[in-house]
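K.L.:
Quick one: this structure, given as structure tokens, is what I'll be asking you about.
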Amino acid sequence: MIVIGGEALVDLVPDTATAGGELGPLHPRLGGGPYNVAVALGRLDVPSGFHATLSTDQFGDKLLERLVDSGVRTDLVRRGPEPTMLAVVGLSEDGSARYSFHTEGTAARFVADPGPLSGEVSAVSFGTLGMVLEPGASTYEAVLFREAERGRFVALDPNIRADLIADPAAYRERFESWLPSVHLLKLSVEDAEWLAGDEGLDAALRRWQQAGPAGLVLTRGADGLAALVGDGELVEVPGVRAQVADTIGAGDTVHAALLAWLHRNDALAPEAVRALTHDQWREALTFAARAAAITVSRPGAEPPTSAELS
């Protein structure tokens with residue numbers, strides 16, 4: 001089983017049919033980077049569980065219901081009286097999304113440490129606001145380090161939300177402290193550029209990959225996916241053409257699809273990832289690109305099922 005730790009929230013997505021530049025209605029869509037990863041894994045028939053706190057409000061009820069409907073285990077989900085975190089989404093003409101977050105005092109911040117995870121857990125995954133907002137970030141960080149020490153495969157997608165990172169230098173330092181315990185690092189090119197700062201993207205990517213991850217995957221929007229593997233060899237695949245409704249959840253779908261591919265190919269272990277050939281990496285990246293193309297073709301974070309990718 002793969003356990004995903006991090007926030008669940010509600011995206012308030014504008015009605016794209018509204019004309020004349022007027023503010024239109026906002027439609028609630030269930031989301032949050034780690035939550036999307038868990039839902040996507042469940043839809044891809046990968047045994048998965050979600051580690052988080054969900055509110056006891058109506059949004060929390062719906063978030064829990066969708067996890068169950070997607071086949072995701074909820075043993076590690078705690079319910080709390082705090083409200084659900086909200087993200088107000090702005091969409092550009094090309095469907096790309098920007099976010100403003102309402103996080104103060106919300107349920108997702110108050111996650112409990114479950115202690116050592118059970119033996120059926122083969123991998124853990126973290127990212128986005130779960131690794132930023134305290135006190136939950138310190139809890140997830142402790143789980144990351146502990147499970148890596150216990151031999152679990154660790155995946156990380158920082159999914160940077162710069163407006164919520166009060167001290168960028170401190171966050172960059174903390175990010176680098178995770179890398180020796182991370183086996184799969186997935187980044188968007190925008191995230192990587194932010195994290196690299198003045199260092200330069202290419203140098204930073206290669207340094208991060210050599211710091212610990214067996215594979216580093218970079219998403220480049222319509223330009224496709226790339227992976228740094230081995231001693232820094234680059235493997236690339238083109239993007240899959242799609243009619244874009246919006247890009248919400250695209251990167252989360254890539255992250256989940258990569259984990260699903262590794263799971264199906266008995267490669268959820270650092271040594272197994274390091275042993276993948278370039279052809280196998282291209283197969284994995286192409287699978288992830290196909291999955292993301294389906295997600296961007298429909299509004300909100302609606303990742304595909306196994307049947308849609310067969």
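We label chains A, B, ... in the order they appear in the structure tokens, count residues from 1 in each chain, and number ligands from 1 in the order shown.
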Tell me which protein, DNA and RNA residues are within 7 Å of range 237-254 of chain A, counting only C-alpha atoms, leaving out same-chain ones fewer than 6 positions away, and put them as a list of chain:residue names.
P.N.:
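My reading of the contact set: A:Gly33, A:Asn36, A:Val37, A:Ala40, A:Gly95, A:Ser96, A:Ala97, A:Ala222, A:Asp223, A:Gly224, A:Leu225, A:Ala226, A:Arg282, A:Leu285, A:Thr286, A:Ala288, A:Ala289, A:Arg290, A:Ala291, A:Ala292, A:Ala293, A:Thr295, A:Val296, A:Ser297, A:Arg298, A:Pro299, A:Gly300, A:Ala301, A:Pro303.
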K.L.:
Those selected residues, please, written with N, CA and C atoms and delivered as a tab-separated table (two decimals), in the first residue's frame.
P.N.:
chain	number	residue	atom	x	y	z
A	33	GLY	N	-3.14	19.00	-3.39
A	33	GLY	CA	-2.19	18.16	-4.11
A	33	GLY	C	-2.12	16.72	-3.63
A	36	ASN	N	-5.35	14.84	-4.25
A	36	ASN	CA	-5.49	14.44	-5.65
A	36	ASN	C	-4.66	13.22	-5.98
A	37	VAL	N	-3.45	13.14	-5.42
A	37	VAL	CA	-2.60	11.98	-5.65
A	37	VAL	C	-3.27	10.72	-5.12
A	40	ALA	N	-6.16	9.78	-7.38
A	40	ALA	CA	-5.66	9.25	-8.65
A	40	ALA	C	-5.13	7.83	-8.49
A	95	GLY	N	-5.99	28.10	-19.59
A	95	GLY	CA	-6.42	27.11	-18.62
A	95	GLY	C	-5.49	26.94	-17.43
A	96	SER	N	-4.34	27.63	-17.44
A	96	SER	CA	-3.43	27.52	-16.30
A	96	SER	C	-4.05	28.19	-15.08
A	97	ALA	N	-3.72	27.65	-13.91
A	97	ALA	CA	-4.39	28.08	-12.68
A	97	ALA	C	-3.43	28.80	-11.74
A	222	ALA	N	3.02	21.57	-21.64
A	222	ALA	CA	2.79	20.99	-22.96
A	222	ALA	C	4.06	20.43	-23.59
A	223	ASP	N	5.23	20.81	-23.03
A	223	ASP	CA	6.50	20.31	-23.57
A	223	ASP	C	6.85	18.92	-23.07
A	224	GLY	N	6.03	18.35	-22.21
A	224	GLY	CA	6.23	16.97	-21.82
A	224	GLY	C	6.95	16.79	-20.50
A	225	LEU	N	7.57	15.63	-20.33
A	225	LEU	CA	8.21	15.24	-19.08
A	225	LEU	C	9.66	14.87	-19.33
A	226	ALA	N	10.49	15.07	-18.30
A	226	ALA	CA	11.89	14.66	-18.37
A	226	ALA	C	12.26	14.03	-17.04
A	282	ARG	N	11.10	5.86	-20.23
A	282	ARG	CA	10.24	6.46	-21.26
A	282	ARG	C	8.82	5.89	-21.17
A	285	LEU	N	7.19	7.56	-18.08
A	285	LEU	CA	6.88	8.96	-18.33
A	285	LEU	C	5.73	9.12	-19.32
A	286	THR	N	5.70	8.26	-20.33
A	286	THR	CA	4.60	8.31	-21.31
A	286	THR	C	3.28	7.97	-20.66
A	288	ALA	N	2.51	8.50	-17.55
A	288	ALA	CA	2.14	9.66	-16.74
A	288	ALA	C	1.63	10.81	-17.60
A	289	ALA	N	2.25	11.01	-18.77
A	289	ALA	CA	1.80	12.08	-19.66
A	289	ALA	C	0.40	11.81	-20.19
A	290	ARG	N	0.11	10.55	-20.51
A	290	ARG	CA	-1.24	10.20	-20.98
A	290	ARG	C	-2.28	10.45	-19.89
A	291	ALA	N	-1.93	10.08	-18.66
A	291	ALA	CA	-2.87	10.29	-17.55
A	291	ALA	C	-3.14	11.77	-17.33
A	292	ALA	N	-2.08	12.60	-17.37
A	292	ALA	CA	-2.24	14.03	-17.16
A	292	ALA	C	-3.07	14.67	-18.27
A	293	ALA	N	-2.92	14.18	-19.50
A	293	ALA	CA	-3.68	14.74	-20.61
A	293	ALA	C	-5.18	14.54	-20.40
A	295	THR	N	-6.63	14.35	-17.39
A	295	THR	CA	-7.01	15.25	-16.31
A	295	THR	C	-7.23	16.68	-16.79
A	296	VAL	N	-6.33	17.19	-17.64
A	296	VAL	CA	-6.46	18.59	-18.07
A	296	VAL	C	-7.62	18.78	-19.04
A	297	SER	N	-8.15	17.68	-19.58
A	297	SER	CA	-9.23	17.80	-20.55
A	297	SER	C	-10.59	18.02	-19.90
A	298	ARG	N	-10.65	17.98	-18.57
A	298	ARG	CA	-11.93	18.17	-17.88
A	298	ARG	C	-11.74	19.09	-16.67
A	299	PRO	N	-12.77	19.82	-16.29
A	299	PRO	CA	-12.63	20.82	-15.23
A	299	PRO	C	-12.29	20.20	-13.88
A	300	GLY	N	-11.46	20.93	-13.12
A	300	GLY	CA	-11.10	20.46	-11.80
A	300	GLY	C	-10.15	19.28	-11.85
A	301	ALA	N	-9.76	18.81	-10.69
A	301	ALA	CA	-8.84	17.67	-10.60
A	301	ALA	C	-9.64	16.38	-10.69
A	303	PRO	N	-8.76	12.96	-12.10
A	303	PRO	CA	-7.80	12.04	-12.71
A	303	PRO	C	-8.49	10.83	-13.33
K.L.:
Out of range 170-305 of chain A, which residues get alpha helix (DSSP H) from DSSP, as a ChimeraX atom specification?
P.N.:
/A:170-178,189-196,201-210,250-264,270-274,278-296
K.L.:
Could those selected residues go to a file with C-alpha atoms, as a compact mmCIF listing (two decimals), in the first residue's frame?
P.N.:
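Output (again.txt):
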# COMPACT_ATOMS: atom_id res chain seq x y z
CA ALA A 170 14.54 28.48 5.32
CA TYR A 171 12.17 26.42 3.18
CA ARG A 172 14.87 25.78 0.56
CA GLU A 173 17.21 24.60 3.31
CA ARG A 174 14.52 22.34 4.73
CA PHE A 175 13.75 20.93 1.27
CA GLU A 176 17.39 20.00 0.80
CA SER A 177 17.42 18.26 4.20
CA TRP A 178 14.71 15.88 2.92
CA VAL A 189 9.81 23.39 -13.98
CA GLU A 190 8.31 26.43 -12.21
CA ASP A 191 8.81 24.79 -8.80
CA ALA A 192 12.38 23.83 -9.69
CA GLU A 193 13.23 27.38 -10.80
CA TRP A 194 11.83 28.79 -7.55
CA LEU A 195 13.76 26.29 -5.45
CA ALA A 196 16.97 26.81 -7.42
CA LEU A 201 18.16 25.37 -12.90
CA ASP A 202 20.39 22.78 -14.56
CA ALA A 203 23.01 22.80 -11.82
CA ALA A 204 20.39 22.62 -9.08
CA LEU A 205 18.51 19.72 -10.68
CA ARG A 206 21.66 17.65 -11.03
CA ARG A 207 22.79 18.42 -7.50
CA TRP A 208 19.38 17.49 -6.05
CA GLN A 209 19.25 14.23 -7.98
CA GLN A 210 22.70 13.26 -6.76
CA ALA A 250 -2.20 17.78 -13.78
CA GLY A 251 1.03 17.54 -11.81
CA ASP A 252 -0.66 15.49 -9.08
CA THR A 253 -1.83 13.05 -11.75
CA VAL A 254 1.72 12.73 -13.08
CA HIS A 255 2.98 12.01 -9.57
CA ALA A 256 0.31 9.37 -8.96
CA ALA A 257 0.76 7.77 -12.39
CA LEU A 258 4.50 7.42 -11.84
CA LEU A 259 3.90 5.73 -8.48
CA ALA A 260 1.27 3.49 -10.10
CA TRP A 261 3.69 2.48 -12.87
CA LEU A 262 6.42 1.69 -10.34
CA HIS A 263 3.95 -0.32 -8.25
CA ARG A 264 2.77 -2.37 -11.23
CA PRO A 270 15.37 2.74 -4.60
CA GLU A 271 17.54 0.01 -6.08
CA ALA A 272 14.76 -1.00 -8.49
CA VAL A 273 14.32 2.60 -9.68
CA ARG A 274 18.07 2.96 -10.19
CA HIS A 278 15.99 4.40 -20.39
CA ASP A 279 13.26 2.55 -22.29
CA GLN A 280 11.49 1.73 -19.02
CA TRP A 281 11.72 5.38 -17.94
CA ARG A 282 10.24 6.46 -21.26
CA GLU A 283 7.39 3.99 -20.73
CA ALA A 284 6.74 5.33 -17.23
CA LEU A 285 6.88 8.96 -18.33
CA THR A 286 4.60 8.31 -21.31
CA PHE A 287 2.06 6.63 -19.04
CA ALA A 288 2.14 9.66 -16.74
CA ALA A 289 1.80 12.08 -19.66
CA ARG A 290 -1.24 10.20 -20.98
CA ALA A 291 -2.87 10.29 -17.55
CA ALA A 292 -2.24 14.03 -17.16
CA ALA A 293 -3.68 14.74 -20.61
CA ILE A 294 -6.98 13.20 -19.51
CA THR A 295 -7.01 15.25 -16.31
CA VAL A 296 -6.46 18.59 -18.07
K.L.:
Restricting the calculation to only C-alpha atoms, which member of A:Gly80, A:Pro180, A:Pro135, A:Pro34 is positioned closest to Glu7 in chain A?
P.N.:
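Of A:Gly80, A:Pro180, A:Pro135, A:Pro34, the one nearest Glu7 in chain A is A:Pro34, counting only C-alpha atoms.
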K.L.:
Within 7 Å of range 113-121 of chain A, counting only C-alpha atoms, which residues qualify if same-chain residues fewer than 6 places away don't, as a ChimeraX atom specification?
P.N.:
/A:1-3,139
K.L.:
Generate a file of the selected residues that holds N, CA and C atoms, formatted as a PDB file, in the first residue's frame.
P.N.:
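Saved file result35.pdb follows:
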ATOM      1  N   MET A   1       0.842  -1.198   0.000  1.00  0.00           N
ATOM      2  CA  MET A   1       0.000   0.000   0.000  1.00  0.00           C
ATOM      3  C   MET A   1       0.875   1.245   0.000  1.00  0.00           C
ATOM      4  N   ILE A   2       0.441   2.266  -0.723  1.00  0.00           N
ATOM      5  CA  ILE A   2       1.110   3.563  -0.728  1.00  0.00           C
ATOM      6  C   ILE A   2       0.293   4.521   0.128  1.00  0.00           C
ATOM      7  N   VAL A   3       0.936   5.144   1.102  1.00  0.00           N
ATOM      8  CA  VAL A   3       0.267   6.115   1.973  1.00  0.00           C
ATOM      9  C   VAL A   3       0.665   7.518   1.544  1.00  0.00           C
ATOM     10  N   THR A 139       4.974  17.340  11.528  1.00  0.00           N
ATOM     11  CA  THR A 139       4.490  15.966  11.688  1.00  0.00           C
ATOM     12  C   THR A 139       4.799  15.142  10.444  1.00  0.00           C
TER      13      THR A 139
END
K.L.:
For a quick check of understanding, using only C-alpha atoms, which of A:Lys186, A:Gly5, A:Val132, A:Val39 has the smallest distance to Leu144 in chain A?
P.N.:
A:Gly5
K.L.:
Write down as a ChimeraX atom specification the residues belonging to range 30-242 of chain A that are assigned strand (DSSP E or B) by DSSP computed on the backbone.
P.N.:
/A:30-31,48-55,73,77-80,85-91,97-102,123-127,153-157,184-188,215-219,225-229,233-237
K.L.:
Pick the closest to Thr219 in chain A from A:Gly71, A:Ala162, A:Ala169, A:Leu187: which is it, counting only C-alpha atoms?
P.N.:
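Comparing A:Gly71, A:Ala162, A:Ala169, A:Leu187 against Thr219 in chain A, the winner is A:Leu187.
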K.L.:
Please provide the set of residues having any atom within 12 Å of Glu104 in chain A, restricted to only C-alpha atoms, with same-chain residues fewer than 4 positions apart removed, written as a ChimeraX atom specification.
P.N.:
/A:82-87,108-110,133-135,164
K.L.:
Figure out the distance between CA of Tyr35 in chain A and CA of Met131 in chain A, please, to one decimal in Å.
P.N.:
13.5 Å
K.L.:
Report, in Å with one decimal, the straight-line distance from CA of Asp57 in chain A to CA of Ala8 in chain A.
P.N.:
12.9 Å
K.L.:
Pick the closest to Asn265 in chain A from A:Val46, A:Phe59, A:Arg29, A:Ser100: which is it, counting only C-alpha atoms?
P.N.:
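Result for the nearest residue to Asn265 in chain A: A:Val46.
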K.L.:
Closest to Leu268 in chain A among A:Leu156, A:Gly221, A:Thr128, A:Ser122, using only C-alpha atoms?
P.N.:
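Closest candidate: A:Ser122.
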